[in-house]
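Worksheet for the structure shown next.
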Amino acid sequence: MTTPADPMAPNLPPQQEDNRHPLQIPDFRAFWISRLAGVLGTSAQSAAIAWQVYEIARRTQGVAESALYVGLIGLAQFITLFAFTLPAGIVADRYDRKKIVSVVLLLQLLLSLGFFAYSFIPNPPFWGLFALSAVLGALRAFSAPASSAIGPMLVPKHILPQAIAVNSMAFQAGLIVGPAIGGVLVGISPRFAYGFCAGLCLLAAVLIMTIRAPTLPDAPSGSKTAMLKEGMAYIWSNKVILGAISLDLFAVLLGGAIALMPIYVKDILHAGPEMFGILRASPAIGAIVTSFILSYRPIRRNAGRWMFGGVAVFGLSTIAFGVSEMIWVSIISMIVLGAADMISVYVRGTLVQIVTPNHMRGRVASVSYLFIGASNELGEFETGVIARLMGPVNAALFGGIGSLVVTGAWMKLFPSLYKADRLE
């Protein structure tokens, strides 16, 4: 998996970089803190949006109908995210990626202020919340490929695996801490959560603007349509990238055990809401611990085997969760699931970044993000349908066994991915 040096990487002698952790590089450190602040803010805001929508709906609707409104808010975000992700990849490969992320963060700041202002309306119509949520989905679509493509431009390639692990740690930490902060602030007023998000978006935008390394991709050749075709053709022809992205897609699509957690906690494990919070945070805890370890002891060899092993353990952990009738077994299963998923994400992210040329990283990242986003949303839907037809336990077992079947099938379909060796 060795590739030529990236011309966009910092022009520093290798001996000056060999012993530096990614966070010791000023530009990457600013990018990392910016990403952590952005995820913290948007996660807190998402909790506030869900709470506000449910609270408004319960004034006139029952529990089931109100829950549906919360689900429709998520659908509004997903529709625009799905619609704009591929065009956003083209934008990330045509324009300065630092400027794209900065503009998106500033627009997210304005959007948070929009939610903040909307919360002062005594009986706000739902269409306004749906519209604001749809805009949030579109902004997420443009942020993801540009952010993903910036990271490799800020560090030398030989520490890229460590940088990806550190970056994942920021994302997972934001996903854990953000909703908790949002929940506390919502307890006072949703306005505090929206103000908190606006402040963090401003901080994140300022930090991104301090990056001094060049983040402009190589000059594009051809029209936007030609660029889209080029990106899709590259992904289809590169079996390492296609195999890595599609493996993650189907594994997550089938292994949606997280969607079953409320059912398990209440009706199978017979635990209270405090245990639901711990169980819900367990996968992210496993992922954070693993990403911290990988940031200091990155995987160097047998990358493909590590990735397939991670997906297999992900499936086995889903099965263990499905058959568990004790809360501590369920928690351990979810921690292991999060750790295994982090290994898979880490290897996939590193492989894709290494084999993708700089001028195409935005488009490849957009397709990857589209696949992952779709698998998360559709995975929860698939799990819910199977649970309705077969029961929650059988749904968890179906997902876990399905992940194992996909692992075996992809080893046969994509032998080049399984044989991928060095992450450098």
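Letters A, B, ... mark the chains of the structure tokens in the order given; residue numbers begin at 1 per chain; ligand numbers begin at 1, in order shown.
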Task: Neighbour list for stretch 96-104 of chain A as a PyMOL selection string, cut-off 9 Å, only C-alpha atoms, skip fewer than 5 positions in-chain - done: chain A and resi 91+109+139-140+142-147+149-150+204-209+211+214-217+362
TODO: Skip stretch 263-269 of chain A itself and residues of its chain fewer than 6 positions away, then list as a ChimeraX atom specification all residues within 9 Å of it, counting only C-alpha atoms.
DONE: /A:275-276,279,322,324-327,330,392-393
- [ ] Enumerate, as an MDAnalysis selection string, the complete set of residues in stretch 247-381 of chain A that a backbone-based DSSP assignment places in alpha helix (DSSP H).
- [x] chainID A and resid 247:254 261:263 273:296 303:323 327:355 361:381
TODO: Excluding stretch 121-134 of chain A and any residue of its chain fewer than 5 positions from it, enumerate the residues within 9 Å of it, using only C-alpha atoms, and give them as a list of chain:residue names.
DONE: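 After dropping sequence-adjacent residues, the list is A:Ile49, A:Val53, A:Ile56, A:Ala57, A:Tyr69, A:Leu72, A:Ile73, A:Gly74, A:Leu75, A:Ala76, A:Gln77, A:Phe78, A:Ile79, A:Thr80, A:Leu81, A:Leu111, A:Gly114, A:Phe115, A:Leu139.
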Output file for the selection above: all heavy atoms, as a CSV table (one decimal), in the first residue's frame:
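Produced file selection_12.csv, reproduced below:
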```
chain,number,residue,atom,x,y,z
A,49,ILE,N,-33.2,19.9,19.5
A,49,ILE,CA,-34.2,19.9,18.5
A,49,ILE,C,-35.2,18.8,18.8
A,49,ILE,O,-36.5,19.0,18.7
A,49,ILE,CB,-33.6,19.7,17.1
A,49,ILE,CG1,-32.7,20.9,16.7
A,49,ILE,CG2,-34.7,19.5,16.0
A,49,ILE,CD1,-31.9,20.7,15.5
A,53,VAL,N,-39.2,19.5,19.6
A,53,VAL,CA,-40.2,18.9,18.7
A,53,VAL,C,-41.2,18.0,19.5
A,53,VAL,O,-42.4,18.1,19.3
A,53,VAL,CB,-39.6,18.2,17.5
A,53,VAL,CG1,-40.6,17.3,16.7
A,53,VAL,CG2,-38.8,19.1,16.6
A,56,ILE,N,-43.4,20.1,21.8
A,56,ILE,CA,-44.5,20.9,21.1
A,56,ILE,C,-45.6,19.9,20.6
A,56,ILE,O,-46.8,20.2,20.8
A,56,ILE,CB,-43.9,21.6,19.9
A,56,ILE,CG1,-43.0,22.7,20.4
A,56,ILE,CG2,-45.0,22.2,19.0
A,56,ILE,CD1,-42.2,23.4,19.3
A,57,ALA,N,-45.2,18.7,20.1
A,57,ALA,CA,-46.1,17.8,19.6
A,57,ALA,C,-47.0,17.2,20.7
A,57,ALA,O,-48.2,17.0,20.5
A,57,ALA,CB,-45.4,16.6,18.9
A,69,TYR,N,-43.2,12.6,14.9
A,69,TYR,CA,-42.7,13.9,14.5
A,69,TYR,C,-41.1,14.0,14.7
A,69,TYR,O,-40.4,14.6,13.9
A,69,TYR,CB,-43.4,15.0,15.4
A,69,TYR,CG,-44.7,15.4,14.8
A,69,TYR,CD1,-45.9,15.0,15.4
A,69,TYR,CD2,-44.8,16.3,13.7
A,69,TYR,CE1,-47.1,15.3,14.9
A,69,TYR,CE2,-46.0,16.7,13.2
A,69,TYR,CZ,-47.2,16.2,13.8
A,69,TYR,OH,-48.4,16.6,13.3
A,72,LEU,N,-39.6,12.3,11.8
A,72,LEU,CA,-39.6,13.1,10.6
A,72,LEU,C,-38.6,14.2,10.6
A,72,LEU,O,-38.1,14.6,9.5
A,72,LEU,CB,-41.1,13.7,10.5
A,72,LEU,CG,-42.2,12.7,10.2
A,72,LEU,CD1,-43.5,13.4,10.2
A,72,LEU,CD2,-41.9,12.0,8.9
A,73,ILE,N,-38.2,14.7,11.7
A,73,ILE,CA,-37.1,15.7,11.8
A,73,ILE,C,-35.8,15.1,11.3
A,73,ILE,O,-35.1,15.7,10.5
A,73,ILE,CB,-36.9,16.3,13.2
A,73,ILE,CG1,-38.1,17.2,13.6
A,73,ILE,CG2,-35.6,16.9,13.4
A,73,ILE,CD1,-38.0,18.5,12.9
A,74,GLY,N,-35.6,13.8,11.7
A,74,GLY,CA,-34.4,13.1,11.2
A,74,GLY,C,-34.5,12.9,9.7
A,74,GLY,O,-33.5,12.9,9.0
A,75,LEU,N,-35.7,12.5,9.3
A,75,LEU,CA,-35.9,12.3,7.8
A,75,LEU,C,-35.6,13.5,7.0
A,75,LEU,O,-35.0,13.5,5.9
A,75,LEU,CB,-37.3,11.8,7.6
A,75,LEU,CG,-37.7,11.5,6.1
A,75,LEU,CD1,-36.8,10.3,5.6
A,75,LEU,CD2,-39.2,11.1,6.0
A,76,ALA,N,-36.1,14.7,7.5
A,76,ALA,CA,-35.8,16.0,6.8
A,76,ALA,C,-34.3,16.2,6.6
A,76,ALA,O,-33.9,16.7,5.6
A,76,ALA,CB,-36.5,17.1,7.6
A,77,GLN,N,-33.6,15.9,7.7
A,77,GLN,CA,-32.1,16.1,7.6
A,77,GLN,C,-31.5,15.1,6.6
A,77,GLN,O,-30.6,15.4,5.8
A,77,GLN,CB,-31.4,15.9,8.9
A,77,GLN,CG,-31.8,17.0,9.9
A,77,GLN,CD,-31.0,16.8,11.2
A,77,GLN,OE1,-29.8,16.5,11.2
A,77,GLN,NE2,-31.6,17.1,12.4
A,78,PHE,N,-32.0,13.9,6.6
A,78,PHE,CA,-31.4,12.8,5.8
A,78,PHE,C,-31.7,13.1,4.3
A,78,PHE,O,-30.8,12.9,3.4
A,78,PHE,CB,-32.0,11.4,6.1
A,78,PHE,CG,-31.5,10.3,5.2
A,78,PHE,CD1,-30.2,9.9,5.3
A,78,PHE,CD2,-32.3,9.8,4.3
A,78,PHE,CE1,-29.7,8.9,4.5
A,78,PHE,CE2,-31.9,8.8,3.5
A,78,PHE,CZ,-30.6,8.3,3.6
A,79,ILE,N,-32.9,13.6,4.0
A,79,ILE,CA,-33.2,13.9,2.6
A,79,ILE,C,-32.3,14.9,1.9
A,79,ILE,O,-31.7,14.7,0.8
A,79,ILE,CB,-34.7,14.3,2.4
A,79,ILE,CG1,-35.6,13.2,2.8
A,79,ILE,CG2,-35.0,14.9,1.0
A,79,ILE,CD1,-37.1,13.6,2.8
A,80,THR,N,-32.0,16.0,2.6
A,80,THR,CA,-31.1,17.0,2.1
A,80,THR,C,-29.7,16.5,2.1
A,80,THR,O,-28.9,16.8,1.2
A,80,THR,CB,-31.3,18.3,2.8
A,80,THR,OG1,-31.1,18.1,4.2
A,80,THR,CG2,-32.6,19.0,2.5
A,81,LEU,N,-29.3,15.8,3.1
A,81,LEU,CA,-28.0,15.2,3.2
A,81,LEU,C,-27.7,14.3,2.0
A,81,LEU,O,-26.7,14.3,1.3
A,81,LEU,CB,-27.8,14.5,4.5
A,81,LEU,CG,-26.4,13.9,4.8
A,81,LEU,CD1,-26.2,13.9,6.3
A,81,LEU,CD2,-26.2,12.5,4.3
A,111,LEU,N,-27.7,29.2,11.6
A,111,LEU,CA,-28.8,28.3,11.7
A,111,LEU,C,-29.2,28.1,13.2
A,111,LEU,O,-30.3,28.0,13.6
A,111,LEU,CB,-28.4,27.0,11.1
A,111,LEU,CG,-29.6,25.9,11.0
A,111,LEU,CD1,-30.7,26.4,10.0
A,111,LEU,CD2,-29.0,24.6,10.5
A,114,GLY,N,-31.1,30.8,14.3
A,114,GLY,CA,-32.4,30.6,13.8
A,114,GLY,C,-33.3,29.8,14.7
A,114,GLY,O,-34.4,30.1,15.0
A,115,PHE,N,-32.7,28.6,15.1
A,115,PHE,CA,-33.4,27.8,16.1
A,115,PHE,C,-33.7,28.5,17.4
A,115,PHE,O,-34.7,28.4,18.0
A,115,PHE,CB,-32.6,26.5,16.4
A,115,PHE,CG,-32.8,25.4,15.3
A,115,PHE,CD1,-31.7,25.1,14.5
A,115,PHE,CD2,-34.0,24.7,15.2
A,115,PHE,CE1,-31.9,24.1,13.6
A,115,PHE,CE2,-34.1,23.7,14.3
A,115,PHE,CZ,-33.1,23.4,13.4
A,139,LEU,N,-26.1,21.4,5.2
A,139,LEU,CA,-24.8,21.8,5.7
A,139,LEU,C,-23.9,20.7,6.1
A,139,LEU,O,-22.7,20.7,5.8
A,139,LEU,CB,-25.0,22.8,6.8
A,139,LEU,CG,-25.7,24.1,6.5
A,139,LEU,CD1,-25.9,25.0,7.8
A,139,LEU,CD2,-24.8,24.9,5.5
```
Task: Selection near A:Gly338, 9 Å with only C-alpha atoms, sequence-local residues under 4 positions removed, as a VMD selection string - done: chain A and resid 282 to 288 290 314 333 to 334 342 to 343
Can you write out the residues you just picked, keeping N, CA, C and O atoms, as a PDB file, in the first residue's frame?
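Below you can see result00.pdb, which holds the result:
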```
ATOM      1  N   SER A 282     -22.173   3.150  25.644  1.00  0.00           N
ATOM      2  CA  SER A 282     -21.158   2.086  25.669  1.00  0.00           C
ATOM      3  C   SER A 282     -20.403   1.934  24.349  1.00  0.00           C
ATOM      4  O   SER A 282     -19.163   1.816  24.355  1.00  0.00           O
ATOM      5  N   PRO A 283     -21.062   1.906  23.168  1.00  0.00           N
ATOM      6  CA  PRO A 283     -20.288   1.774  21.925  1.00  0.00           C
ATOM      7  C   PRO A 283     -19.283   2.904  21.727  1.00  0.00           C
ATOM      8  O   PRO A 283     -18.149   2.669  21.292  1.00  0.00           O
ATOM      9  N   ALA A 284     -19.696   4.131  22.051  1.00  0.00           N
ATOM     10  CA  ALA A 284     -18.782   5.262  21.888  1.00  0.00           C
ATOM     11  C   ALA A 284     -17.621   5.187  22.867  1.00  0.00           C
ATOM     12  O   ALA A 284     -16.495   5.589  22.548  1.00  0.00           O
ATOM     13  N   ILE A 285     -17.869   4.656  24.073  1.00  0.00           N
ATOM     14  CA  ILE A 285     -16.779   4.487  25.045  1.00  0.00           C
ATOM     15  C   ILE A 285     -15.733   3.524  24.496  1.00  0.00           C
ATOM     16  O   ILE A 285     -14.523   3.789  24.541  1.00  0.00           O
ATOM     17  N   GLY A 286     -16.190   2.401  23.956  1.00  0.00           N
ATOM     18  CA  GLY A 286     -15.266   1.448  23.349  1.00  0.00           C
ATOM     19  C   GLY A 286     -14.505   2.057  22.190  1.00  0.00           C
ATOM     20  O   GLY A 286     -13.299   1.821  22.017  1.00  0.00           O
ATOM     21  N   ALA A 287     -15.186   2.884  21.402  1.00  0.00           N
ATOM     22  CA  ALA A 287     -14.546   3.505  20.249  1.00  0.00           C
ATOM     23  C   ALA A 287     -13.501   4.531  20.681  1.00  0.00           C
ATOM     24  O   ALA A 287     -12.416   4.617  20.092  1.00  0.00           O
ATOM     25  N   ILE A 288     -13.804   5.306  21.717  1.00  0.00           N
ATOM     26  CA  ILE A 288     -12.855   6.325  22.180  1.00  0.00           C
ATOM     27  C   ILE A 288     -11.585   5.683  22.732  1.00  0.00           C
ATOM     28  O   ILE A 288     -10.465   6.096  22.411  1.00  0.00           O
ATOM     29  N   THR A 290     -10.358   2.760  22.053  1.00  0.00           N
ATOM     30  CA  THR A 290      -9.617   2.147  20.948  1.00  0.00           C
ATOM     31  C   THR A 290      -8.911   3.196  20.101  1.00  0.00           C
ATOM     32  O   THR A 290      -7.754   3.013  19.704  1.00  0.00           O
ATOM     33  N   PHE A 314     -17.611  -7.224  15.426  1.00  0.00           N
ATOM     34  CA  PHE A 314     -18.814  -6.400  15.459  1.00  0.00           C
ATOM     35  C   PHE A 314     -20.061  -7.289  15.384  1.00  0.00           C
ATOM     36  O   PHE A 314     -21.011  -7.125  16.156  1.00  0.00           O
ATOM     37  N   SER A 333     -20.892  -6.053  25.839  1.00  0.00           N
ATOM     38  CA  SER A 333     -21.052  -6.375  24.420  1.00  0.00           C
ATOM     39  C   SER A 333     -21.009  -5.110  23.566  1.00  0.00           C
ATOM     40  O   SER A 333     -20.371  -5.077  22.500  1.00  0.00           O
ATOM     41  N   MET A 334     -21.657  -4.049  24.044  1.00  0.00           N
ATOM     42  CA  MET A 334     -21.679  -2.808  23.288  1.00  0.00           C
ATOM     43  C   MET A 334     -20.333  -2.087  23.314  1.00  0.00           C
ATOM     44  O   MET A 334     -19.941  -1.438  22.342  1.00  0.00           O
ATOM     45  N   MET A 342     -14.542   0.717  15.653  1.00  0.00           N
ATOM     46  CA  MET A 342     -13.498   1.720  15.527  1.00  0.00           C
ATOM     47  C   MET A 342     -12.313   1.182  14.737  1.00  0.00           C
ATOM     48  O   MET A 342     -11.729   1.894  13.915  1.00  0.00           O
ATOM     49  N   ILE A 343     -11.955  -0.076  14.959  1.00  0.00           N
ATOM     50  CA  ILE A 343     -10.854  -0.685  14.197  1.00  0.00           C
ATOM     51  C   ILE A 343     -11.204  -0.719  12.714  1.00  0.00           C
ATOM     52  O   ILE A 343     -10.390  -0.371  11.853  1.00  0.00           O
TER      53      ILE A 343
END
```
TODO: Could you check which of A:Leu160, A:Ala244, A:Ala117, A:Ile293 is closest to A:Gly195, using only C-alpha atoms?
DONE: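 So, comparing all the options, the nearest one is A:Ala117.
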- [ ] Just give me the gap between atom CA of A:Ala138 and atom CA of A:Gln61 in Å, one decimal is fine.
- [x]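 Going from atom CA of A:Ala138 over to atom CA of A:Gln61, I get 29.0 Å.
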